[in-house]
$ cat input21.txt   # compact mmCIF, C-alpha atoms and all ligand atoms
# COMPACT_ATOMS: atom_id res chain seq x y z
CA MET A 1 42.11 126.11 -102.88
CA LEU A 2 42.79 124.72 -99.44
CA THR A 3 42.66 125.79 -95.79
CA SER A 4 45.29 124.28 -93.51
CA GLY A 5 46.27 124.32 -89.83
CA GLY A 6 44.09 125.50 -86.95
CA ASP A 7 40.98 127.21 -88.26
CA CYS A 8 39.93 130.76 -87.48
CA GLN A 9 37.20 133.21 -88.33
CA ALA A 10 37.04 134.66 -91.87
CA LEU A 11 38.57 131.71 -93.74
CA ASN A 12 35.32 131.43 -95.70
CA ALA A 13 35.18 135.19 -96.19
CA ALA A 14 38.71 135.11 -97.66
CA MET A 15 37.88 132.28 -100.09
CA ARG A 16 34.71 134.13 -101.08
CA GLY A 17 36.80 137.24 -101.82
CA VAL A 18 39.14 135.29 -104.12
CA VAL A 19 36.35 133.49 -106.00
CA LYS A 20 34.17 136.59 -106.36
CA GLY A 21 37.18 138.52 -107.64
CA LEU A 22 37.81 135.84 -110.26
CA SER A 23 34.22 135.11 -111.28
CA PHE A 24 33.37 138.79 -111.71
CA ASN A 25 36.30 139.27 -114.06
CA LEU A 26 36.34 136.03 -116.06
CA PRO A 27 33.85 134.49 -118.51
CA GLU A 28 31.91 131.73 -116.72
CA ASP A 29 33.53 128.89 -118.71
CA GLN A 30 37.02 130.03 -117.80
CA LEU A 31 36.84 129.51 -114.07
CA GLU A 32 37.16 126.13 -112.38
CA VAL A 33 37.66 125.94 -108.64
CA TYR A 34 38.71 122.78 -106.84
CA GLY A 35 38.43 122.67 -103.08
CA PHE A 36 40.79 120.24 -101.33
CA SER A 37 39.37 118.74 -98.13
CA ASN A 38 41.08 119.11 -94.77
CA GLY A 39 44.12 121.10 -95.79
CA TYR A 40 47.20 119.50 -97.34
CA LYS A 41 45.70 116.08 -96.59
CA GLY A 42 43.23 116.61 -99.45
CA LEU A 43 46.02 117.61 -101.81
CA ILE A 44 48.21 114.66 -100.79
CA TYR A 45 45.49 112.02 -101.07
CA GLY A 46 43.50 113.55 -103.91
CA ASP A 47 40.45 114.34 -101.79
CA TYR A 48 38.82 117.27 -103.58
CA ARG A 49 35.58 118.47 -105.07
CA MET A 50 34.77 120.81 -107.86
CA LEU A 51 33.07 123.97 -106.67
CA THR A 52 31.26 126.78 -108.38
CA ALA A 53 30.99 130.47 -107.56
CA LYS A 54 27.66 129.62 -105.90
CA ASP A 55 29.43 127.58 -103.20
CA PHE A 56 31.15 130.75 -102.07
CA SER A 57 28.00 132.79 -101.85
CA GLY A 58 26.43 133.45 -98.43
CA ILE A 59 29.57 132.49 -96.47
CA LEU A 60 30.94 135.93 -95.62
CA THR A 61 29.75 135.66 -92.03
CA LYS A 62 30.20 131.92 -91.56
CA GLY A 63 32.93 130.81 -89.12
CA GLY A 64 35.13 127.71 -89.64
CA THR A 65 35.98 126.60 -93.16
CA ILE A 66 33.69 124.98 -95.73
CA LEU A 67 36.70 122.93 -96.91
CA GLY A 68 37.70 121.57 -93.49
CA SER A 69 41.23 121.79 -92.13
CA SER A 70 43.92 119.68 -90.49
CA ARG A 71 47.40 120.07 -89.13
CA GLN A 72 50.08 118.54 -91.38
CA PRO A 73 53.38 119.51 -89.72
CA PHE A 74 55.93 121.01 -92.11
CA LYS A 75 58.75 118.96 -90.57
CA LEU A 76 56.94 115.76 -91.60
CA MET A 77 56.27 116.81 -95.18
CA ARG A 78 59.50 115.18 -96.40
CA VAL A 79 58.84 112.08 -94.28
CA PRO A 80 56.91 109.36 -96.18
CA ASP A 81 53.49 108.42 -94.73
CA GLU A 82 52.79 105.02 -93.10
CA ASN A 83 52.42 103.46 -96.57
CA GLY A 84 55.67 104.93 -97.84
CA LEU A 85 53.96 107.65 -99.89
CA ASP A 86 56.13 110.65 -100.74
CA LYS A 87 53.77 113.48 -99.72
CA VAL A 88 55.46 116.25 -101.69
CA GLU A 89 55.49 114.16 -104.88
CA ALA A 90 51.83 113.20 -104.28
CA MET A 91 50.84 116.87 -103.97
CA LYS A 92 52.68 117.72 -107.16
CA GLN A 93 51.09 114.83 -109.01
CA ASN A 94 47.57 115.89 -108.01
CA TYR A 95 48.34 119.47 -108.99
CA TYR A 96 49.50 118.40 -112.46
CA LYS A 97 46.77 115.78 -112.88
CA LEU A 98 44.11 118.45 -112.36
CA ARG A 99 46.05 120.85 -114.62
CA LEU A 100 45.76 123.57 -112.00
CA ASP A 101 46.85 127.11 -112.81
CA CYS A 102 47.59 127.78 -109.19
CA LEU A 103 47.01 126.77 -105.59
CA VAL A 104 45.47 129.30 -103.22
CA ILE A 105 46.58 128.29 -99.73
CA LEU A 106 45.09 129.80 -96.59
CA GLY A 107 47.01 129.19 -93.40
CA GLY A 108 49.43 130.23 -90.69
CA ASN A 109 53.18 129.83 -90.26
CA GLY A 110 53.52 126.07 -90.74
CA THR A 111 51.16 126.15 -93.71
CA GLN A 112 53.19 128.97 -95.21
CA LYS A 113 56.42 126.95 -94.95
CA THR A 114 54.85 124.10 -96.91
CA ALA A 115 53.40 126.60 -99.40
CA ASN A 116 56.92 127.92 -99.94
CA LEU A 117 58.27 124.39 -100.34
CA LEU A 118 55.68 123.74 -103.07
CA ARG A 119 56.69 127.02 -104.71
CA GLU A 120 60.33 125.86 -104.68
CA GLU A 121 59.12 122.64 -106.29
CA GLY A 122 57.75 124.69 -109.17
CA LEU A 123 54.03 125.05 -108.34
CA ASN A 124 52.17 128.35 -108.69
CA ILE A 125 51.23 129.46 -105.19
CA ILE A 126 49.28 132.28 -103.57
CA HIS A 127 49.20 132.33 -99.77
CA LEU A 128 46.70 134.20 -97.58
CA PRO A 129 47.79 134.82 -93.96
CA LYS A 130 45.35 133.34 -91.49
CA THR A 131 45.77 133.02 -87.73
CA ILE A 132 44.37 134.38 -84.50
CA ASP A 133 48.01 134.66 -83.33
CA ASN A 134 48.95 137.51 -85.76
CA ASP A 135 52.48 136.12 -85.86
CA ILE A 136 53.08 136.02 -89.62
CA TRP A 137 56.07 138.02 -90.73
CA GLY A 138 55.57 140.51 -93.57
CA THR A 139 51.96 141.54 -92.89
CA ASP A 140 50.72 144.01 -90.30
CA MET A 141 47.65 141.89 -89.70
CA THR A 142 46.49 138.32 -90.16
CA PHE A 143 42.81 137.54 -90.48
CA GLY A 144 41.17 135.90 -87.48
CA PHE A 145 43.20 138.04 -85.08
CA GLU A 146 40.71 140.88 -84.54
CA SER A 147 37.79 138.44 -84.18
CA ALA A 148 39.74 136.53 -81.53
CA VAL A 149 40.66 139.79 -79.76
CA ASN A 150 36.93 140.53 -79.53
CA ILE A 151 36.19 137.14 -77.95
CA ALA A 152 39.11 137.22 -75.50
CA THR A 153 38.16 140.79 -74.55
CA ASP A 154 34.56 139.70 -73.92
CA ALA A 155 35.90 136.98 -71.62
CA ILE A 156 37.93 139.53 -69.63
CA ASP A 157 34.93 141.92 -69.53
CA CYS A 158 32.72 139.20 -68.05
CA ILE A 159 35.37 138.32 -65.47
CA HIS A 160 35.52 141.96 -64.33
CA THR A 161 32.11 141.96 -62.68
CA THR A 162 32.53 138.69 -60.82
CA ALA A 163 36.11 139.56 -59.80
CA SER A 164 34.94 142.79 -58.20
CA SER A 165 32.08 141.16 -56.27
CA HIS A 166 34.34 138.53 -54.74
CA ASN A 167 37.57 140.45 -54.17
CA ARG A 168 39.53 137.81 -55.97
CA VAL A 169 42.44 137.63 -58.36
CA PHE A 170 41.39 136.30 -61.76
CA ILE A 171 43.59 134.95 -64.51
CA VAL A 172 42.28 134.77 -68.07
CA GLU A 173 44.50 132.55 -70.20
CA VAL A 174 44.61 133.72 -73.80
CA MET A 175 45.72 131.73 -76.87
CA GLY A 176 48.50 132.88 -79.18
CA HIS A 177 50.94 129.97 -79.28
CA LYS A 178 54.48 131.38 -78.83
CA VAL A 179 53.61 135.06 -79.25
CA GLY A 180 51.76 137.64 -77.18
CA TRP A 181 49.82 139.78 -79.68
CA LEU A 182 46.41 138.40 -78.79
CA THR A 183 46.99 138.67 -75.03
CA LEU A 184 48.45 142.15 -75.37
CA HIS A 185 45.50 143.49 -77.35
CA ALA A 186 42.76 141.68 -75.42
CA GLY A 187 44.49 142.55 -72.13
CA ILE A 188 44.56 146.26 -72.93
CA ALA A 189 41.03 146.23 -74.39
CA GLY A 190 39.69 144.36 -71.36
CA GLY A 191 41.43 146.60 -68.85
CA ALA A 192 43.65 143.86 -67.42
CA ASP A 193 45.96 145.01 -64.61
CA ILE A 194 48.76 142.59 -65.43
CA ILE A 195 49.64 141.22 -68.87
CA LEU A 196 52.08 138.33 -69.22
CA ILE A 197 53.39 137.44 -72.67
CA PRO A 198 56.12 135.06 -73.91
CA GLU A 199 58.30 137.86 -75.26
CA ILE A 200 58.60 139.48 -71.80
CA PRO A 201 59.46 136.73 -69.29
CA TYR A 202 57.87 137.41 -65.90
CA ASP A 203 59.20 137.41 -62.37
CA ILE A 204 56.50 136.06 -60.04
CA ASN A 205 57.63 138.45 -57.30
CA LYS A 206 56.99 141.43 -59.59
CA VAL A 207 53.55 140.02 -60.38
CA ILE A 208 52.81 139.77 -56.67
CA GLU A 209 54.16 143.29 -56.07
CA ALA A 210 51.69 144.58 -58.68
CA ILE A 211 48.81 142.76 -56.95
CA ASN A 212 49.85 144.09 -53.54
CA ARG A 213 50.07 147.61 -54.94
CA ARG A 214 46.46 147.35 -56.04
CA THR A 215 45.34 145.90 -52.73
CA LYS A 216 47.08 148.74 -50.85
CA ALA A 217 45.37 151.25 -53.15
CA GLY A 218 42.02 149.81 -52.04
CA LYS A 219 41.29 147.86 -55.23
CA GLY A 220 39.53 144.69 -54.25
CA PHE A 221 40.50 142.61 -57.26
CA THR A 222 43.18 142.14 -59.89
CA ILE A 223 42.85 140.73 -63.38
CA LEU A 224 45.70 139.09 -65.22
CA ALA A 225 45.68 138.37 -68.96
CA VAL A 226 48.18 135.55 -69.35
CA ALA A 227 49.32 134.22 -72.73
CA GLU A 228 49.30 130.44 -73.01
CA GLY A 229 53.00 130.74 -73.90
CA ALA A 230 53.94 133.03 -70.99
CA ILE A 231 57.23 132.04 -69.40
CA SER A 232 59.03 132.93 -66.16
CA LYS A 233 62.45 134.59 -66.24
CA GLU A 234 63.84 131.46 -64.61
CA ASN A 235 62.44 129.12 -67.28
CA ALA A 236 63.41 131.47 -70.11
CA LYS A 237 67.08 130.85 -69.21
CA LEU A 238 66.75 127.08 -69.77
CA SER A 239 67.52 125.31 -73.01
CA LYS A 240 64.56 123.78 -74.89
CA LYS A 241 65.55 120.33 -73.63
CA GLU A 242 65.97 121.42 -69.99
CA LEU A 243 62.61 123.20 -70.06
CA LYS A 244 60.89 120.13 -71.48
CA GLU A 245 62.33 117.98 -68.69
CA LYS A 246 61.30 120.51 -66.03
CA LEU A 247 57.75 120.79 -67.38
CA LYS A 248 57.37 117.00 -67.31
CA LYS A 249 57.57 117.20 -63.51
CA ASN A 250 55.22 120.20 -63.31
CA PRO A 251 51.89 119.27 -61.65
CA HIS A 252 50.04 122.19 -63.31
CA PRO A 253 48.23 121.64 -66.64
CA ALA A 254 49.09 125.13 -67.94
CA VAL A 255 51.17 128.17 -67.01
CA SER A 256 48.13 130.05 -65.65
CA TYR A 257 47.52 127.42 -62.99
CA GLU A 258 51.16 127.57 -61.91
CA ILE A 259 50.96 131.36 -61.60
CA ALA A 260 47.63 131.05 -59.73
CA ALA A 261 49.12 128.63 -57.19
CA ALA A 262 52.12 130.91 -56.57
CA ILE A 263 49.91 134.00 -56.09
CA GLN A 264 47.55 132.17 -53.73
CA GLU A 265 50.45 130.82 -51.68
CA LYS A 266 52.28 134.13 -51.41
CA THR A 267 49.32 136.51 -50.90
CA GLY A 268 46.58 134.36 -49.39
CA ILE A 269 44.13 135.86 -51.90
CA GLU A 270 41.77 133.47 -53.67
CA VAL A 271 42.69 133.04 -57.34
CA ARG A 272 40.54 131.66 -60.17
CA VAL A 273 41.61 130.72 -63.69
CA THR A 274 39.45 131.05 -66.80
CA VAL A 275 40.52 129.51 -70.10
CA PRO A 276 38.34 130.60 -73.05
CA GLY A 277 40.37 128.19 -75.24
CA HIS A 278 39.00 127.42 -78.68
CA THR A 279 36.04 129.78 -78.28
CA GLN A 280 38.64 132.34 -79.40
CA ARG A 281 38.68 130.75 -82.86
CA GLY A 282 34.94 130.32 -83.11
CA GLY A 283 31.87 132.19 -84.29
CA SER A 284 31.42 134.79 -87.01
CA PRO A 285 34.28 136.98 -88.18
CA CYS A 286 34.12 140.53 -86.84
CA PRO A 287 33.52 143.34 -89.38
CA TYR A 288 37.25 144.19 -89.47
CA ASP A 289 38.13 140.64 -90.54
CA ARG A 290 35.33 140.61 -93.13
CA VAL A 291 36.72 143.76 -94.70
CA LEU A 292 40.33 142.57 -94.45
CA THR A 293 39.62 139.20 -96.09
CA THR A 294 37.49 140.73 -98.82
CA ARG A 295 40.42 143.02 -99.66
CA LEU A 296 43.04 140.25 -99.45
CA GLY A 297 40.81 137.97 -101.55
CA ALA A 298 40.32 140.64 -104.22
CA ALA A 299 44.08 141.37 -104.29
CA ALA A 300 44.80 137.63 -104.62
CA ALA A 301 42.32 137.37 -107.51
CA LYS A 302 44.12 140.22 -109.26
CA LEU A 303 47.46 138.41 -108.95
CA ILE A 304 45.93 135.22 -110.35
CA LEU A 305 44.41 137.09 -113.31
CA ASN A 306 47.86 138.57 -113.99
CA ASN A 307 49.56 135.15 -113.64
CA GLU A 308 51.69 136.44 -110.77
CA TYR A 309 52.55 133.68 -108.33
CA GLY A 310 54.82 132.89 -105.40
CA TYR A 311 53.39 135.54 -103.09
CA MET A 312 51.68 135.98 -99.77
CA VAL A 313 49.04 138.71 -99.95
CA GLY A 314 49.30 140.82 -96.81
CA ILE A 315 48.41 144.27 -95.60
CA ILE A 316 51.00 146.95 -94.79
CA ASN A 317 50.09 150.45 -93.63
CA GLY A 318 46.50 149.94 -94.74
CA LYS A 319 47.39 148.79 -98.27
CA THR A 320 47.21 145.23 -99.62
CA LYS A 321 50.59 144.07 -100.83
CA LYS A 322 52.17 141.05 -102.55
CA ILE A 323 55.12 139.78 -100.54
CA PRO A 324 57.47 137.14 -102.01
CA LEU A 325 56.88 133.89 -100.10
CA GLY A 326 60.59 133.12 -100.06
CA GLU A 327 61.22 136.29 -98.06
CA VAL A 328 58.74 135.56 -95.27
CA ALA A 329 58.36 131.79 -94.90
CA GLY A 330 59.76 130.50 -91.63
CA LYS A 331 59.91 133.91 -89.92
CA LEU A 332 57.86 134.69 -86.82
CA LYS A 333 56.48 138.15 -86.03
CA MET A 334 56.84 138.60 -82.28
CA VAL A 335 56.05 141.42 -79.89
CA SER A 336 59.14 143.46 -79.17
CA PRO A 337 59.44 144.52 -75.50
CA ASP A 338 60.30 147.98 -76.91
CA GLU A 339 57.10 148.16 -78.96
CA GLN A 340 55.27 151.48 -78.53
CA ILE A 341 52.09 149.68 -77.47
CA VAL A 342 53.97 147.94 -74.62
CA LYS A 343 55.48 151.22 -73.44
CA GLU A 344 52.07 152.92 -73.53
CA ALA A 345 50.50 150.07 -71.55
CA LYS A 346 53.27 150.40 -68.95
CA MET A 347 52.74 154.17 -68.93
CA ILE A 348 49.21 153.69 -67.57
CA GLY A 349 50.38 151.27 -64.90
CA ILE A 350 49.82 147.87 -66.54
CA SER A 351 52.42 145.46 -65.18
CA PHE A 352 54.18 142.97 -67.47
CA GLY A 353 55.75 141.24 -64.49
CA ASP A 354 59.24 142.29 -65.59
O1 LIG B 401 47.62 128.95 -84.04
C1 LIG B 401 46.32 129.11 -83.59
C2 LIG B 401 46.12 128.44 -82.26
O2 LIG B 401 44.80 128.64 -81.84
C3 LIG B 401 47.11 128.86 -81.17
O3 LIG B 401 46.78 130.11 -80.61
C4 LIG B 401 47.03 127.71 -80.24
O4 LIG B 401 48.21 127.55 -79.49
C5 LIG B 401 46.84 126.53 -81.17
O5 LIG B 401 46.33 127.05 -82.37
C6 LIG B 401 45.93 125.45 -80.66
O6 LIG B 401 45.98 124.40 -81.56
P1 LIG B 401 44.97 123.20 -81.61
O7 LIG B 401 43.68 123.70 -82.20
O8 LIG B 401 45.64 122.21 -82.49
O9 LIG B 401 44.75 122.73 -80.21
$ encode --input "input21.txt" --output "structure tokens"
Amino acid sequence: MLTSGGDCQALNAAMRGVVKGLSFNLPEDQLEVYGFSNGYKGLIYGDYRMLTAKDFSGILTKGGTILGSSRQPFKLMRVPDENGLDKVEAMKQNYYKLRLDCLVILGGNGTQKTANLLREEGLNIIHLPKTIDNDIWGTDMTFGFESAVNIATDAIDCIHTTASSHNRVFIVEVMGHKVGWLTLHAGIAGGADIILIPEIPYDINKVIEAINRRTKAGKGFTILAVAEGAISKENAKLSKKELKEKLKKNPHPAVSYEIAAAIQEKTGIEVRVTVPGHTQRGGSPCPYDRVLTTRLGAAAAKLILNNEYGYMVGIINGKTKKIPLGEVAGKLKMVSPDEQIVKEAKMIGISFGD
């Protein structure tokens, strides 16, 4: 078992689900669990420890991961390390040396691509979809997402009171990498007036129009939920290379500060930026994520007991489902501008700056 990539809430709860599902259904002497430390690093360099069912007891509510995690970019997996070690071969060797029946891999998109590569190399793989970004194709929900929505929503809730006392514009910058799910959900839940997400490039003049509309209507403050990956219409037209060059010259550390400066300059209203950052990945998993991971873990255990491998275990329309890894690896689940939830948000007057 290993946890790879950025951590999130409910990683431990998911591992607990898998191990409980196996230990309840197997004689004690037929279950051996090896935990690899710090993601694929542990599998590459043979850093592991043998665990028992007891190690997975009492961790349902514990944030982080008892195995540790690290980012091992997929694009570097085929590149030898600084000592010339072939990482893929090293992972395979450790797998065979330990005579593993399967590898249970918990992680996001990058992790999933490597999991699929190992599957193509002949290893037995089960993948569980973890990420606060909810951007994994083939599952309605990833674990960590709802817990992060709760934290980002709390941040917006707290900003509400101070924003109203000072008649200011506040920007809360929400994580989510290249997708807007987290910002969209936290923005709606927190009652944000403007929501900016990567999938709907914004026009700063439309953002300002929305603020002015509120000011005219006698509202003293405006709250923006801005995704860390939000992008202006102008920048969205640039190639990757051109954008990189442009951003090099940008004096602002993040998109929220750039938007704040433009609003302040064009409206004269004071603007403040709040970045909850990694707090969004911290703390205990929310009840939804505890239930989700217990179900995904149990479904993964069932696959393992049936010797069925090469799947991600996801949830679709409320039912756990095995989805062939080869069908989903490398695909990103993004917010569509035509999504019902976006239309409903617009219906109640939330601006997306488009
Ligand atoms: O993928 C999860 C995530 O928290 C993203 O929302 C964010 O862009 C990224 O990880 C931050 O990564 P790191 O922890 O490496 O700074």
$ residues_near_ligand --input "input21.txt" --ligand "ligand LIG 401 (chain B)" --cutoff "6 Å" --atoms "all atoms listed in the file" --output "ChimeraX atom specification"
/A:6,131-133,175-177
$ write_last_selection --input "input21.txt" --atoms "C-alpha atoms" --output "short mmCIF file (atom, residue, chain, number, x, y, z; two decimals), in the frame of the given file"
data_model
loop_
_atom_site.label_atom_id
_atom_site.label_comp_id
_atom_site.auth_asym_id
_atom_site.auth_seq_id
_atom_site.Cartn_x
_atom_site.Cartn_y
_atom_site.Cartn_z
CA GLY A 6 44.09 125.50 -86.95
CA THR A 131 45.77 133.02 -87.73
CA ILE A 132 44.37 134.38 -84.50
CA ASP A 133 48.01 134.66 -83.33
CA MET A 175 45.72 131.73 -76.87
CA GLY A 176 48.50 132.88 -79.18
CA HIS A 177 50.94 129.97 -79.28
#
$ residues_around --input "input21.txt" --residues "A:Ala192" --least-positions-apart "2" --cutoff "7 Å" --atoms "all atoms listed in the file" --output "list of chain:residue names"
A:Gly187, A:Ile188, A:Gly190, A:Ile194, A:Ile195, A:Ile223, A:Leu224, A:Ala225
$ residues_around --input "input21.txt" --residues "A:Pro285" --least-positions-apart "6" --cutoff "10 Å" --atoms "all atoms listed in the file" --output "JSON, numbers by chain"
{"A": [8, 9, 10, 11, 12, 13, 60, 61, 62, 63, 64, 143, 144, 145, 146, 147, 148, 150, 291, 293]}
$ atom_distance --input "input21.txt" --atom1 "atom CA of A:Asp154" --atom2 "atom CA of A:Glu228"
17.4 Å
$ closest_residue --input "input21.txt" --among "A:Ile125, A:Ile323, A:Leu117, A:Ile350" --to "A:Val207" --atoms "only C-alpha atoms"
A:Ile350
$ atom_distance --input "input21.txt" --atom1 "atom CA of A:Gly326" --atom2 "atom CA of A:Asp338"
27.5 Å
$ atom_distance --input "input21.txt" --atom1 "atom CA of A:Leu305" --atom2 "atom CA of A:Gln93"
23.6 Å
$ residues_around --input "input21.txt" --residues "stretch 71-77 of chain A" --least-positions-apart "2" --cutoff "6 Å" --atoms "all atoms listed in the file" --output "MDAnalysis selection string"
chainID A and resid 5 79 110 114
$ axis_aligned_box --input "input21.txt" --around "stretch 21-38 of chain A" --padding-each-side "4 Å" --output "JSON"
{"center_x": 36.5, "center_y": 129.0, "center_z": -106.7, "size_x": 17.2, "size_y": 28.5, "size_z": 31.9}
$ closest_residue --input "input21.txt" --among "A:Ala53, A:Leu238, A:Ala152, A:Ala90" --to "A:Arg78" --atoms "all atoms listed in the file"
A:Ala90
$ closest_residue --input "input21.txt" --among "A:Phe170, A:Gly46, A:Asp354, A:Lys244" --to "A:Val271" --atoms "all atoms listed in the file"
A:Phe170
$ closest_residue --input "input21.txt" --among "A:Leu51, A:Ala260, A:Ala210, A:Leu184" --to "A:Val33" --atoms "all atoms listed in the file"
A:Leu51
$ closest_residue --input "input21.txt" --among "A:Asn307, A:Ser69, A:Gln280, A:Asn94" --to "A:Lys41" --atoms "all atoms listed in the file"
A:Ser69
$ decode --input "input21.txt" --residues "stretch 20-68 of chain A" --atoms "C-alpha atoms" --output "mmCIF file, in the first residue's frame"
data_model
loop_
_atom_site.group_PDB
_atom_site.id
_atom_site.type_symbol
_atom_site.label_atom_id
_atom_site.label_comp_id
_atom_site.auth_asym_id
_atom_site.auth_seq_id
_atom_site.Cartn_x
_atom_site.Cartn_y
_atom_site.Cartn_z
ATOM 1 C CA LYS A 20 -10.552 -3.936 7.623
ATOM 2 C CA GLY A 21 -12.309 -5.350 4.561
ATOM 3 C CA LEU A 22 -9.467 -7.835 4.063
ATOM 4 C CA SER A 23 -8.815 -8.777 7.688
ATOM 5 C CA PHE A 24 -12.498 -9.385 8.418
ATOM 6 C CA ASN A 25 -12.746 -11.791 5.504
ATOM 7 C CA LEU A 26 -9.408 -13.613 5.601
ATOM 8 C CA PRO A 27 -7.830 -15.959 8.170
ATOM 9 C CA GLU A 28 -5.233 -14.003 10.177
ATOM 10 C CA ASP A 29 -2.244 -15.855 8.689
ATOM 11 C CA GLN A 30 -3.304 -15.044 5.146
ATOM 12 C CA LEU A 31 -2.987 -11.286 5.293
ATOM 13 C CA GLU A 32 0.304 -9.427 5.074
ATOM 14 C CA VAL A 33 0.314 -5.691 4.532
ATOM 15 C CA TYR A 34 3.418 -3.741 3.569
ATOM 16 C CA GLY A 35 3.313 0.024 3.806
ATOM 17 C CA PHE A 36 5.730 1.881 1.505
ATOM 18 C CA SER A 37 7.009 5.169 2.930
ATOM 19 C CA ASN A 38 6.529 8.489 1.166
ATOM 20 C CA GLY A 39 4.702 7.323 -1.923
ATOM 21 C CA TYR A 40 6.486 5.826 -4.926
ATOM 22 C CA LYS A 41 9.805 6.781 -3.316
ATOM 23 C CA GLY A 42 9.346 3.922 -0.831
ATOM 24 C CA LEU A 43 8.570 1.482 -3.628
ATOM 25 C CA ILE A 44 11.536 2.630 -5.729
ATOM 26 C CA TYR A 45 14.088 2.522 -2.915
ATOM 27 C CA GLY A 46 12.637 -0.379 -0.937
ATOM 28 C CA ASP A 47 11.636 1.729 2.054
ATOM 29 C CA TYR A 48 8.744 -0.190 3.604
ATOM 30 C CA ARG A 49 7.514 -1.706 6.824
ATOM 31 C CA MET A 50 5.295 -4.603 7.584
ATOM 32 C CA LEU A 51 2.018 -3.569 9.157
ATOM 33 C CA THR A 52 -0.760 -5.401 10.894
ATOM 34 C CA ALA A 53 -4.494 -4.778 11.024
ATOM 35 C CA LYS A 54 -3.844 -3.036 14.359
ATOM 36 C CA ASP A 55 -1.889 -0.249 12.632
ATOM 37 C CA PHE A 56 -5.058 0.689 10.784
ATOM 38 C CA SER A 57 -7.213 0.840 13.865
ATOM 39 C CA GLY A 58 -8.101 4.229 15.364
ATOM 40 C CA ILE A 59 -7.141 6.207 12.239
ATOM 41 C CA LEU A 60 -10.568 6.853 10.736
ATOM 42 C CA THR A 61 -10.533 10.468 11.886
ATOM 43 C CA LYS A 62 -6.801 11.129 11.558
ATOM 44 C CA GLY A 63 -5.732 13.598 8.837
ATOM 45 C CA GLY A 64 -2.538 13.219 6.758
ATOM 46 C CA THR A 65 -1.207 9.749 5.994
ATOM 47 C CA ILE A 66 0.460 7.293 8.367
ATOM 48 C CA LEU A 67 2.676 6.197 5.447
ATOM 49 C CA GLY A 68 3.889 9.673 4.444
#
